[in-house]
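K.L.:
The structure is given below, and queries will be raised subsequently.
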Amino acid sequence: MIKTALEEISRGTAEIIDDKRIEKLVTKYYDDGTTYTVKAGFDPTGADLHLGHTVLLQKLKVFQNHGGIVQLLIGDFTATIGDPTGKSETRKVLTRDTIMANAQTYQDQVFNILDRDKTEVVFNSHWLDALGAGGMLGLTTRFNVARMLERDDFEKRYKGGESISISEFLYPLLQGYDSVELKSDIEIGGTDQKFNLLMGRYLQRSYEVGKEQAVLMMPILEGLDGVQKMSKSLNNYIGIVEKPKDIYAKTLSISDDLMWRYYELLSEKSLLDIASMRDEVKNGTLHPKVVKENLALELVKRFYNQELAIQAKAEFDNVFKSNKLPTDMKEIECEDGIWICKALVDAGIEPSTSQARRDIKQNAVSVNQEKISDEKLNLSAGDYILQVGKRKFAKVKVG
RNA sequence: GGUGAGUUAGUCAAGUGGCCAAAGACGGCAGACUGUAAAUCUGCUCCCUCCGGGUUCGAAGGUUCGAAUCCUUCACUCACCA
């Protein structure tokens with residue numbers, strides 16, 4: 001039992017620091033039912049969770065299955081600083097209201113995956129607000145600049161001659177301090193969080209909490225482009241509240257290489273099964289597209305259900321294999337004689353009339369499934385289906 | 001506080017008085033080929049009903065027939081010195 005638990009816990013991890021401690025905690029739970037705490041922090045900066053987050057959430061769920069109580073830390077205080085990771089620009093400061101609204105949306109979505117009864121939701125403003133200037137100073141004396149600059153991101157920016165704000169130095173300290181307050185046994189995060197996670201461990205020692213958190217790091221999930229990490233701001237994400245057909249379609253649009261990565265990090269299939277599929281694809285007995293379709297189905301099924309997953313596939317095949325129209329399209333009404341480019345913009349499938357004009361020149365625009373080439377076309381009264389490229393559709397009622 | 005360098009489109013980056021709506025690269029979009037994959041080839045990539053016009057090169061002023069380019073002030077960034 002314990003062995004299986006530990007295997008599940010370590011599956012797919014990038015790195016574990018102090019795995020002995022995790023083993024002890026799990027063992028103790030199975031001995032006498034003592035639970036332990038697992039901290040994971042979320043910045044309430046964007047409202048929607050995407051698959052990148054679920055990598056962590058699924059791992060937290062595994063801990064919950066084996067005696068872990070999740071401390072879901074909403075970094076409402078630290079959100080006002082903004083974690084520097086990978087960004088050189090200062091983030092915009094969020095208002096309290098936005099933060100709280102985002103936090104609420106987060107929670108609604110998180111409990112799609114996590115067990116509510118085994119989760120404590122905590123806000124770090126509770127203790128960080130109270131910390132005050134004195135407490136903050138006390139915190140800063142425990143670390144020094146040279147070590148701070150060891151953080152990969154800081155080092156790169158410093159060497160690259162980019163700006164680093166003092167407040168950014170505070171971010172890891174504050175995040176680490178959260179672990180002091182929460183007395184976490186384990187903290188999990190992405191590999192890009194290594195520095196911050198270790199800071200928690202360090203500060204727990206420094207403040208003599210009596211334990212040092214073990215740290216478990218998950219790999220960072222690449223976004224749809226396969227290069228950069230999945231994030232909302234790069235618009236390369238699959239959100240867990242997106243419509244089934246969008247989740248399905250976006251999954252199919254990833255590259256074959258990336259597909260395997262998604263399988264490893266997101267699928268519930270065993271690593272063995274994944275490896276054998278890989279072999280079959282390699283020797284040509286299995287078409288990669290089928291493998292990808294299965295992944296897409298699995299993902300839709302996870303956030304919705306089997307039925308909707310099958311529907312999403314049917315819809316997709318219908319539109320892209322048989323060149324039929326999607327069942328739900330944006331519909332707008334326009335005045336009689338509207339210029340085609342204007343209609344495309346109004347329908348939201350072109351950003352500007354200039355762009356629309358260019359696309360028409362390039363044979364990318366269809367009206368009622370017929371390519372058009374006249375960029376000066378005006379639409380007389382009637383119903384039209386407008387299409388740009390392969391994926392953008394709109395229904396327009398003129399007159 | 002001092003000295004020097006810098007701020008150009010989504011990003012990086014060329015451009016030092018007119019030939020600049022601004023090279024190039026990346027990214028993005030579209031077309032061909034496909035499996036809405038990859039690779040490859042082609043076109044497009046500030047806005048405007050566009051053979052024409054408008055607004056851009058950190059911000060505001062100024063010089064000039066003419067400014068991304070020269071001058072002044074301001075803001076921001078980096079380096080060195082203190």
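Residues are named by chain letter and number: chains run A, B, ... in the order of the structure tokens, numbers start at 1 in each chain, and ligands are numbered from 1 in the order shown.
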Please report as a Markdown table every residue of chain B lying within 8 Å of chain A, along with the nearest atom pair and their distance in Å (one decimal), using only C-alpha atoms (C1' of nucleotides).

P.N.:
```
| residue | atom | partner | partner_atom | distance |
| --- | --- | --- | --- | --- |
| B:A30 | C1' | A:Ala364 | CA | 6.0 |
| B:G31 | C1' | A:Gln362 | CA | 6.7 |
| B:G35 | C1' | A:Lys289 | CA | 5.8 |
| B:U36 | C1' | A:Ser253 | CA | 5.9 |
| B:A37 | C1' | A:Ser255 | CA | 4.7 |
| B:A38 | C1' | A:Ser255 | CA | 6.7 |
| B:G43 | C1' | A:Gln362 | CA | 7.3 |
| B:C44 | C1' | A:Arg358 | CA | 6.9 |
| B:C47 | C1' | A:Ser354 | CA | 7.6 |
| B:C48 | C1' | A:Ser354 | CA | 7.8 |
| B:U49 | C1' | A:Lys376 | CA | 7.0 |
| B:U77 | C1' | A:Ser163 | CA | 6.8 |
| B:C78 | C1' | A:Gly161 | CA | 5.6 |
```

K.L.:
Could you write out that same residue set with C-alpha atoms (C1' of nucleotides) as a PDB file, in the first residue's frame?

P.N.:
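To be explicit, this is the file written out as out29.pdb:
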```pdb
ATOM      1  C1'   A B  30      -3.605  32.946 -44.640  1.00  0.00           C
ATOM      2  C1'   G B  31      -2.853  29.759 -49.210  1.00  0.00           C
ATOM      3  C1'   G B  35      -3.806  14.221 -39.846  1.00  0.00           C
ATOM      4  C1'   U B  36      -6.517  21.793 -37.920  1.00  0.00           C
ATOM      5  C1'   A B  37       0.650  17.288 -36.579  1.00  0.00           C
ATOM      6  C1'   A B  38       5.681  18.099 -38.213  1.00  0.00           C
ATOM      7  C1'   G B  43       1.773  35.580 -49.682  1.00  0.00           C
ATOM      8  C1'   C B  44       0.463  38.934 -45.789  1.00  0.00           C
ATOM      9  C1'   C B  47      -5.259  52.051 -39.220  1.00  0.00           C
ATOM     10  C1'   C B  48      -8.876  53.782 -42.756  1.00  0.00           C
ATOM     11  C1'   U B  49     -13.987  51.182 -48.417  1.00  0.00           C
ATOM     12  C1'   U B  77      16.501  51.392 -18.160  1.00  0.00           C
ATOM     13  C1'   C B  78      21.657  49.798 -17.865  1.00  0.00           C
TER      14        C B  78
END
```

K.L.:
Please identify which residues in range 127-376 of chain A DSSP calls helix (DSSP H, G or I) from the backbone, and express them as a VMD selection string.

P.N.:
chain A and resid 127 to 140 145 to 148 152 to 159 166 to 182 191 to 206 244 to 252 256 to 266 271 to 282 288 to 303 306 to 321 340 to 346 353 to 361

K.L.:
Lys232 in chain A: which residues within 9 Å, counting only C-alpha atoms (C1' of nucleotides), same-chain residues fewer than 5 positions away excluded, as a list in words?

P.N.:
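Once the nearby chain positions are removed, what remains is Gly46, Asp48, Leu49, His50, Tyr237, Ile238 and Gly239 of chain A.
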
K.L.:
Using the selection just defined, write its residues with N, CA, C and O atoms as a PDB file, in the first residue's frame.

P.N.:
```pdb
ATOM      1  N   GLY A  46      -4.707  35.594 -12.848  1.00  0.00           N
ATOM      2  CA  GLY A  46      -5.626  35.328 -13.952  1.00  0.00           C
ATOM      3  C   GLY A  46      -6.750  34.488 -13.399  1.00  0.00           C
ATOM      4  O   GLY A  46      -6.558  33.745 -12.459  1.00  0.00           O
ATOM      5  N   ASP A  48      -8.758  32.075 -14.837  1.00  0.00           N
ATOM      6  CA  ASP A  48      -9.069  30.710 -15.234  1.00  0.00           C
ATOM      7  C   ASP A  48      -7.910  29.740 -15.086  1.00  0.00           C
ATOM      8  O   ASP A  48      -6.776  30.050 -15.417  1.00  0.00           O
ATOM      9  N   LEU A  49      -8.231  28.565 -14.618  1.00  0.00           N
ATOM     10  CA  LEU A  49      -7.225  27.518 -14.519  1.00  0.00           C
ATOM     11  C   LEU A  49      -7.074  26.846 -15.864  1.00  0.00           C
ATOM     12  O   LEU A  49      -8.031  26.683 -16.606  1.00  0.00           O
ATOM     13  N   HIS A  50      -5.844  26.452 -16.177  1.00  0.00           N
ATOM     14  CA  HIS A  50      -5.645  25.708 -17.419  1.00  0.00           C
ATOM     15  C   HIS A  50      -4.918  24.406 -17.111  1.00  0.00           C
ATOM     16  O   HIS A  50      -4.611  24.112 -15.951  1.00  0.00           O
ATOM     17  N   TYR A 237      -2.933  28.238 -24.106  1.00  0.00           N
ATOM     18  CA  TYR A 237      -3.406  27.353 -23.053  1.00  0.00           C
ATOM     19  C   TYR A 237      -4.714  26.661 -23.417  1.00  0.00           C
ATOM     20  O   TYR A 237      -5.416  27.068 -24.339  1.00  0.00           O
ATOM     21  N   ILE A 238      -4.988  25.600 -22.683  1.00  0.00           N
ATOM     22  CA  ILE A 238      -6.299  24.977 -22.749  1.00  0.00           C
ATOM     23  C   ILE A 238      -6.910  25.133 -21.365  1.00  0.00           C
ATOM     24  O   ILE A 238      -6.413  24.573 -20.394  1.00  0.00           O
ATOM     25  N   GLY A 239      -7.950  25.916 -21.275  1.00  0.00           N
ATOM     26  CA  GLY A 239      -8.577  26.164 -19.980  1.00  0.00           C
ATOM     27  C   GLY A 239      -9.501  25.016 -19.611  1.00  0.00           C
ATOM     28  O   GLY A 239     -10.087  24.391 -20.492  1.00  0.00           O
TER      29      GLY A 239
END
```

K.L.:
Would you mind listing what lies within 12 Å of G2 in chain B as a VMD selection string, with only C-alpha atoms (C1' of nucleotides) counted and same-chain residues fewer than 4 positions away left out?

P.N.:
chain B and resid 80 to 82

K.L.:
Taking the DSSP secondary structure from the backbone, can you list the residues of range 122-245 of chain A that are strand (DSSP E), as a PDB file with N, CA, C and O atoms, in the first residue's frame?

P.N.:
```
ATOM      1  N   VAL A 122      -6.304  29.105   2.287  1.00  0.00           N
ATOM      2  CA  VAL A 122      -5.747  30.164   3.136  1.00  0.00           C
ATOM      3  C   VAL A 122      -5.258  31.333   2.283  1.00  0.00           C
ATOM      4  O   VAL A 122      -4.853  31.148   1.137  1.00  0.00           O
ATOM      5  N   PHE A 123      -5.338  32.503   2.832  1.00  0.00           N
ATOM      6  CA  PHE A 123      -4.897  33.719   2.141  1.00  0.00           C
ATOM      7  C   PHE A 123      -3.687  34.269   2.860  1.00  0.00           C
ATOM      8  O   PHE A 123      -3.732  34.470   4.069  1.00  0.00           O
ATOM      9  N   ILE A 186       5.003  19.549   3.376  1.00  0.00           N
ATOM     10  CA  ILE A 186       5.466  19.361   2.005  1.00  0.00           C
ATOM     11  C   ILE A 186       4.975  20.569   1.211  1.00  0.00           C
ATOM     12  O   ILE A 186       3.901  21.088   1.479  1.00  0.00           O
ATOM     13  N   GLU A 187       5.773  21.025   0.270  1.00  0.00           N
ATOM     14  CA  GLU A 187       5.249  22.039  -0.646  1.00  0.00           C
ATOM     15  C   GLU A 187       5.480  21.555  -2.063  1.00  0.00           C
ATOM     16  O   GLU A 187       6.542  21.018  -2.377  1.00  0.00           O
ATOM     17  N   ILE A 188       4.487  21.742  -2.907  1.00  0.00           N
ATOM     18  CA  ILE A 188       4.713  21.344  -4.284  1.00  0.00           C
ATOM     19  C   ILE A 188       4.545  22.544  -5.203  1.00  0.00           C
ATOM     20  O   ILE A 188       3.867  23.516  -4.897  1.00  0.00           O
ATOM     21  N   GLY A 189       5.245  22.489  -6.328  1.00  0.00           N
ATOM     22  CA  GLY A 189       5.202  23.588  -7.280  1.00  0.00           C
ATOM     23  C   GLY A 189       5.895  23.164  -8.563  1.00  0.00           C
ATOM     24  O   GLY A 189       6.372  22.037  -8.672  1.00  0.00           O
ATOM     25  N   GLY A 190       5.937  24.063  -9.510  1.00  0.00           N
ATOM     26  CA  GLY A 190       6.617  23.768 -10.774  1.00  0.00           C
ATOM     27  C   GLY A 190       8.130  23.889 -10.593  1.00  0.00           C
ATOM     28  O   GLY A 190       8.594  24.471  -9.624  1.00  0.00           O
ATOM     29  N   ALA A 214       9.414  19.138   2.902  1.00  0.00           N
ATOM     30  CA  ALA A 214       9.934  18.456   1.735  1.00  0.00           C
ATOM     31  C   ALA A 214       9.415  19.214   0.523  1.00  0.00           C
ATOM     32  O   ALA A 214       8.411  19.915   0.607  1.00  0.00           O
ATOM     33  N   VAL A 215      10.106  19.107  -0.589  1.00  0.00           N
ATOM     34  CA  VAL A 215       9.717  19.864  -1.768  1.00  0.00           C
ATOM     35  C   VAL A 215       9.550  18.921  -2.949  1.00  0.00           C
ATOM     36  O   VAL A 215      10.406  18.066  -3.189  1.00  0.00           O
ATOM     37  N   LEU A 216       8.413  19.055  -3.612  1.00  0.00           N
ATOM     38  CA  LEU A 216       8.172  18.210  -4.771  1.00  0.00           C
ATOM     39  C   LEU A 216       7.893  19.097  -5.976  1.00  0.00           C
ATOM     40  O   LEU A 216       7.024  19.956  -5.917  1.00  0.00           O
ATOM     41  N   MET A 217       8.681  18.903  -7.005  1.00  0.00           N
ATOM     42  CA  MET A 217       8.525  19.774  -8.171  1.00  0.00           C
ATOM     43  C   MET A 217       7.985  19.022  -9.377  1.00  0.00           C
ATOM     44  O   MET A 217       8.470  17.940  -9.701  1.00  0.00           O
ATOM     45  N   MET A 218       7.020  19.612 -10.017  1.00  0.00           N
ATOM     46  CA  MET A 218       6.462  19.026 -11.233  1.00  0.00           C
ATOM     47  C   MET A 218       7.044  19.743 -12.445  1.00  0.00           C
ATOM     48  O   MET A 218       7.348  20.931 -12.373  1.00  0.00           O
TER      49      MET A 218
END
```

K.L.:
How far is it from CA of Leu170 in chain A to CA of Gln104 in chain A, in Å with one decimal?

P.N.:
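Going from CA of Leu170 in chain A over to CA of Gln104 in chain A, I get 25.6 Å.
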
K.L.:
Could you tell me how far CA of Gln71 in chain A sits from CA of Met136 in chain A, in Å to one decimal place?

P.N.:
22.9 Å

K.L.:
Find the residues around Asn102 in chain A up to 9 Å (only C-alpha atoms (C1' of nucleotides) counted), leave out those fewer than 3 positions away in its own chain, and share them as a list in words.

P.N.:
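Once the adjacent positions are removed, what remains is Pro44, Thr45, Gly46, Ala47, Asp48, Asp97, Thr98, Ile99, Thr105, Tyr106 and Gln107 of chain A.
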
K.L.:
So that I have them on file, write out the residues from the current selection with C-alpha atoms, as a compact mmCIF listing (two decimals), in the first residue's frame.

P.N.:
```
# COMPACT_ATOMS: atom_id res chain seq x y z
CA PRO A 44 -4.86 34.98 -8.22
CA THR A 45 -3.71 37.02 -11.18
CA GLY A 46 -5.63 35.33 -13.95
CA ALA A 47 -9.05 33.98 -13.34
CA ASP A 48 -9.07 30.71 -15.23
CA ASP A 97 -11.66 43.32 -5.59
CA THR A 98 -10.19 41.74 -8.69
CA ILE A 99 -7.96 39.55 -6.58
CA THR A 105 -13.20 31.62 -9.52
CA TYR A 106 -10.08 29.65 -8.75
CA GLN A 107 -11.70 27.85 -5.90
```

K.L.:
What's around Lys330 in chain A at 8 Å? Count only C-alpha atoms (C1' of nucleotides), leave out sequence neighbours fewer than 6 positions away in its own chain, and write the answer as an MDAnalysis selection string.

P.N.:
chainID A and resid 347 393:395
